[in-house]
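*Asks:* Let me begin by handing over the structure; questions about it come next.
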Amino acid sequence: KRWLLYVDTGDVRANIQLEMTMPPTSSTPALVLGPLAGLVIATACASPWIVNPAEVAAATVAAASGFLHRILGLGWYMAPVVTSLLILLGAVIPNIVAKEDHILRFPNKSGPWPTRAFCALRMLDPVLVAWLLQPATLMTDGKKVLMVGMVAVGALRQAFWITYLNRNEWNWDLAISVALANNWFDWTHAKCLMKRLAESEVSSSSNIGRDHLTVLVAVSFFVLGGFLETYSEWQRRKFKDDPRNKGKLYTGGLFAYARHINYLGYILWRTGLGLVSGPPFTLSYSLYHAFDFYARAIPLLQNYMQSKYGDQWTEYTKQTDCVLIPFVL
């Protein structure tokens, strides 16, 4: 750019032309941000004359009240959502930050009574679910029967796991907290199912075909998930029980397809329960468990396995690169 510099020395006025090199700049931000800032300032200054503050406050209160009314209208549908959020904020995320694992990875020293207490609490689960689903009408609704059956199978599988497959410490804290957490999940499923059935009775629309498809998918997920979780753990237990395999890492069976395929099984059968009871709200449990496993449990377990098995674990991670979902993740 060329600039003219005028120098006044009294008697002599000289025009000096200077050649200045300016770096190329873009005026686009100034052209956009300048008018935008002016518009914001003008609107803020003129708002008392354009908008009545009382009307704005009333509209805000009405919108908040309407939102709260809709939330309260969801009733038991909010229980799985709120429960999942509370566990995430109160336990999962703090454990991720602190890198703490609630699983005690050493031989059981607490004796059989915590295990027995866990089994007893889990066996109460299907009984209480049946009671929540109103026993007088239980056998007249296929979804209620299916829900009780799925809950009973889930409780029996967990009792089998803790009694015959688990090799780690299982103290009173774990026994009570894990049993009550699983029971609470199932009880909220039952209440959500009751609400969904009540809504279907007053609804004039018919979604029988879609409902049947949802149930079919739910049962498929539940059966597949239970198989993956329990059978993979059973295969590993058989391997560990062989004295010839002492100190060896188990990499066969279903664990050849994903390093933590048992976690996938748990997510799937929990998803099946959620699809039967009150989707999409009840699917929050599956989302919570998926996040918990992938962001907390799996990284902690992999660090533990690396420190315990060393080169065996390194080689296993090269052979089986999928962490949770075979051929995908």
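Scheme for the structure tokens: letters A, B, ... for chains in order shown; per-chain residue numbers from 1; ligand numbers from 1 in order shown.
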Name the residues in contact with Val148 in chain A at a cut-off of 12 Å, using only C-alpha atoms, excluding same-chain residues fewer than 2 positions from it; report them as an MDAnalysis selection string.
*Replies:* chainID A and resid 123:135 138:139 141:146 150:155 186:187 189:190 193 273 276:277
*Asks:* Would you mind exporting the chosen residues as a short mmCIF file (atom, residue, chain, number, x, y, z; two decimals), in the first residue's frame, restricted to N, CA and C atoms?
*Replies:*
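Output contents, as saved in out.cif:
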```cif
data_model
loop_
_atom_site.label_atom_id
_atom_site.label_comp_id
_atom_site.auth_asym_id
_atom_site.auth_seq_id
_atom_site.Cartn_x
_atom_site.Cartn_y
_atom_site.Cartn_z
N MET A 123 -32.27 -65.20 44.07
CA MET A 123 -33.40 -66.10 43.93
C MET A 123 -34.72 -65.43 44.33
N LEU A 124 -34.64 -64.39 45.17
CA LEU A 124 -35.84 -63.64 45.52
C LEU A 124 -36.31 -62.76 44.36
N ASP A 125 -35.40 -62.47 43.45
CA ASP A 125 -35.69 -61.54 42.36
C ASP A 125 -36.91 -61.93 41.53
N PRO A 126 -36.96 -63.14 40.94
CA PRO A 126 -38.14 -63.48 40.13
C PRO A 126 -39.43 -63.51 40.93
N VAL A 127 -39.35 -63.84 42.23
CA VAL A 127 -40.56 -63.85 43.06
C VAL A 127 -41.12 -62.44 43.19
N LEU A 128 -40.24 -61.47 43.48
CA LEU A 128 -40.69 -60.10 43.62
C LEU A 128 -41.14 -59.50 42.29
N VAL A 129 -40.49 -59.88 41.22
CA VAL A 129 -40.91 -59.41 39.89
C VAL A 129 -42.31 -59.93 39.57
N ALA A 130 -42.57 -61.20 39.87
CA ALA A 130 -43.90 -61.75 39.65
C ALA A 130 -44.94 -61.01 40.49
N TRP A 131 -44.57 -60.64 41.71
CA TRP A 131 -45.50 -59.90 42.56
C TRP A 131 -45.76 -58.50 42.00
N LEU A 132 -44.73 -57.84 41.49
CA LEU A 132 -44.90 -56.52 40.89
C LEU A 132 -45.76 -56.56 39.64
N LEU A 133 -45.74 -57.68 38.94
CA LEU A 133 -46.53 -57.83 37.71
C LEU A 133 -47.96 -58.31 37.98
N GLN A 134 -48.37 -58.28 39.26
CA GLN A 134 -49.73 -58.63 39.66
C GLN A 134 -50.04 -60.10 39.37
N PRO A 135 -49.83 -60.97 40.36
CA PRO A 135 -50.02 -62.42 40.16
C PRO A 135 -51.40 -62.81 39.65
N LEU A 138 -51.09 -62.54 35.99
CA LEU A 138 -49.78 -62.90 35.44
C LEU A 138 -49.88 -63.84 34.26
N MET A 139 -50.68 -64.90 34.42
CA MET A 139 -50.72 -65.95 33.39
C MET A 139 -51.58 -65.56 32.20
N ASP A 141 -51.13 -62.75 30.43
CA ASP A 141 -50.37 -61.87 29.53
C ASP A 141 -49.02 -62.51 29.22
N GLY A 142 -48.77 -62.72 27.95
CA GLY A 142 -47.54 -63.39 27.53
C GLY A 142 -46.29 -62.61 27.89
N LYS A 143 -46.36 -61.28 27.84
CA LYS A 143 -45.17 -60.48 28.16
C LYS A 143 -44.80 -60.60 29.63
N LYS A 144 -45.80 -60.67 30.49
CA LYS A 144 -45.51 -60.83 31.92
C LYS A 144 -44.84 -62.17 32.19
N VAL A 145 -45.36 -63.21 31.57
CA VAL A 145 -44.76 -64.54 31.74
C VAL A 145 -43.33 -64.54 31.22
N LEU A 146 -43.14 -63.91 30.07
CA LEU A 146 -41.80 -63.84 29.48
C LEU A 146 -40.85 -63.08 30.39
N MET A 150 -37.46 -64.63 32.00
CA MET A 150 -36.14 -64.08 31.71
C MET A 150 -35.41 -63.69 32.99
N VAL A 151 -36.14 -63.08 33.92
CA VAL A 151 -35.53 -62.69 35.19
C VAL A 151 -35.07 -63.92 35.96
N ALA A 152 -35.88 -64.97 35.96
CA ALA A 152 -35.52 -66.20 36.67
C ALA A 152 -34.28 -66.84 36.06
N VAL A 153 -34.21 -66.89 34.74
CA VAL A 153 -33.04 -67.47 34.06
C VAL A 153 -31.79 -66.64 34.37
N GLY A 154 -31.92 -65.31 34.33
CA GLY A 154 -30.77 -64.46 34.63
C GLY A 154 -30.27 -64.66 36.05
N ALA A 155 -31.20 -64.78 37.01
CA ALA A 155 -30.79 -65.01 38.41
C ALA A 155 -30.12 -66.36 38.57
N ASP A 186 -34.04 -55.32 37.57
CA ASP A 186 -35.17 -56.16 37.16
C ASP A 186 -36.50 -55.62 37.68
N TRP A 187 -36.51 -55.07 38.90
CA TRP A 187 -37.76 -54.52 39.44
C TRP A 187 -38.21 -53.31 38.62
N HIS A 189 -37.54 -52.86 35.48
CA HIS A 189 -38.05 -53.45 34.24
C HIS A 189 -39.51 -53.86 34.39
N ALA A 190 -39.83 -54.49 35.51
CA ALA A 190 -41.20 -54.94 35.75
C ALA A 190 -42.17 -53.76 35.82
N LEU A 193 -42.72 -52.35 32.40
CA LEU A 193 -43.60 -53.22 31.62
C LEU A 193 -45.06 -52.99 32.00
N LEU A 273 -33.82 -57.90 28.02
CA LEU A 273 -34.78 -57.52 29.06
C LEU A 273 -35.32 -56.11 28.81
N VAL A 276 -38.08 -55.98 26.14
CA VAL A 276 -39.36 -56.54 26.55
C VAL A 276 -40.14 -55.56 27.42
N SER A 277 -39.45 -54.83 28.29
CA SER A 277 -40.14 -54.07 29.33
C SER A 277 -40.63 -52.71 28.85
#
```
*Asks:* Assign secondary structure with DSSP using the backbone only, and return the residues of range 153-284 of chain A in helix (DSSP H, G or I) as a VMD selection string.
*Replies:* chain A and resid 153 to 165 172 to 202 208 to 241 243 to 245 253 to 256 261 to 277 281 to 284
*Asks:* Find the distance between CA of Ile162 in chain A and CA of Ala179 in chain A and write it in Å to one decimal.
*Replies:*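 These atoms are spaced 11.0 Å apart.
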*Asks:* Ranking A:Leu301, A:Cys192, A:Ala159, A:Val223 by minimum distance to Trp269 in chain A and counting only C-alpha atoms, which one comes first?
*Replies:* A:Val223
*Asks:* Can you tell me how far CA of Phe160 in chain A sits from CA of Tyr288 in chain A, in Å to one decimal?
*Replies:*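 One can read the CA of Phe160 in chain A to CA of Tyr288 in chain A distance as 24.3 Å.
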*Asks:* What's around range 294-300 of chain A at 12 Å? Count only C-alpha atoms, leave out sequence neighbours fewer than 2 positions away in its own chain, and write the answer as a JSON list (two decimals) with C-alpha atoms, in the first residue's frame.
*Replies:*
```
[["chain", "number", "residue", "atom", "x", "y", "z"],
["A", 88, "LEU", "CA", -22.21, -43.31, 36.03],
["A", 91, "ALA", "CA", -19.27, -44.72, 40.69],
["A", 92, "VAL", "CA", -18.13, -45.33, 37.10],
["A", 93, "ILE", "CA", -16.57, -41.97, 36.27],
["A", 94, "PRO", "CA", -14.85, -41.57, 39.68],
["A", 95, "ASN", "CA", -13.42, -45.09, 39.28],
["A", 96, "ILE", "CA", -12.18, -44.22, 35.79],
["A", 97, "VAL", "CA", -10.41, -41.15, 37.17],
["A", 98, "ALA", "CA", -8.98, -43.04, 40.15],
["A", 99, "LYS", "CA", -8.28, -46.18, 38.07],
["A", 100, "GLU", "CA", -9.93, -48.37, 40.70],
["A", 101, "ASP", "CA", -11.61, -51.70, 40.07],
["A", 102, "HIS", "CA", -14.29, -53.09, 42.37],
["A", 103, "ILE", "CA", -13.43, -56.67, 41.35],
["A", 104, "LEU", "CA", -11.01, -58.31, 43.80],
["A", 105, "ARG", "CA", -8.63, -60.38, 41.70],
["A", 258, "ALA", "CA", -12.95, -61.32, 21.42],
["A", 259, "ARG", "CA", -10.82, -60.83, 24.52],
["A", 260, "HIS", "CA", -13.81, -59.89, 26.70],
["A", 261, "ILE", "CA", -16.66, -61.64, 24.97],
["A", 262, "ASN", "CA", -18.28, -62.45, 28.32],
["A", 263, "TYR", "CA", -18.91, -58.72, 28.82],
["A", 264, "LEU", "CA", -20.64, -58.63, 25.45],
["A", 267, "ILE", "CA", -24.77, -56.42, 27.60],
["A", 287, "LEU", "CA", -25.87, -48.32, 27.42],
["A", 288, "TYR", "CA", -24.57, -47.78, 30.93],
["A", 289, "HIS", "CA", -23.02, -51.26, 31.07],
["A", 290, "ALA", "CA", -21.48, -50.88, 27.61],
["A", 291, "PHE", "CA", -19.84, -47.61, 28.64],
["A", 292, "ASP", "CA", -18.74, -49.02, 31.99],
["A", 302, "GLN", "CA", -6.09, -55.43, 30.46],
["A", 303, "ASN", "CA", -3.50, -53.71, 32.67],
["A", 304, "TYR", "CA", -3.91, -56.47, 35.22],
["A", 305, "MET", "CA", -3.60, -59.22, 32.60],
["A", 306, "GLN", "CA", -0.51, -57.60, 31.10],
["A", 307, "SER", "CA", 1.19, -57.48, 34.49],
["A", 322, "CYS", "CA", -11.16, -57.47, 18.92],
["A", 323, "VAL", "CA", -11.84, -56.39, 22.49],
["A", 324, "LEU", "CA", -15.60, -56.74, 22.89],
["A", 325, "ILE", "CA", -17.43, -57.56, 19.65],
["A", 329, "LEU", "CA", -14.63, -53.84, 18.01]]
```
*Asks:* Just how far from CA of Ala175 in chain A is CA of Leu224 in chain A, in Å to one decimal?
*Replies:* 25.8 Å
*Asks:* Each residue of range 224-269 of chain A lying at most 8 Å from range 309-317 of chain A should get a row with its shortest atom-to-atom pair and the distance in Å to one decimal, counting only C-alpha atoms; could you produce that, ordered by chain and increasing number, as a tab-separated table?
*Replies:*
```
residue	atom	partner	partner_atom	distance
A:Gly247	CA	A:Tyr309	CA	7.9
A:Lys248	CA	A:Tyr309	CA	7.7
A:Leu249	CA	A:Gln312	CA	6.6
A:Thr251	CA	A:Tyr316	CA	6.9
A:Arg259	CA	A:Thr317	CA	7.8
```
*Asks:* Return the single residue from A:Arg237, A:Lys246, A:His212, A:Arg270 that is closest to Gly225 in chain A, with distances computed using only C-alpha atoms.
*Replies:*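 Nearest to Gly225 in chain A: A:Arg270.
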*Asks:* Mind checking which residues fall within 12 Å of Val82 in chain A, counting only C-alpha atoms, ignoring those fewer than 3 positions away in the same chain, and posting them as an MDAnalysis selection string?
*Replies:* chainID A and resid 71 74:79 85:90 185 188 281:282 284:285 288
*Asks:* When distances are computed from only C-alpha atoms, which of A:Gly274, A:Gly149, A:Gly111, A:Gly252 shows the smallest separation from Ser286 in chain A?
*Replies:* A:Gly274
*Asks:* Which is closer to Phe221 in chain A than all the others in A:Gln158, A:Thr60, A:Thr271, A:Asn171, using only C-alpha atoms?
*Replies:*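 Closest to Phe221 in chain A, using only C-alpha atoms: A:Thr271.
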*Asks:* For Val178 in chain A, please output as a ChimeraX atom specification all residues within 10 Å (counting only C-alpha atoms; exclusion window: fewer than 6 positions along the same chain).
*Replies:* /A:118,121-122,172,184
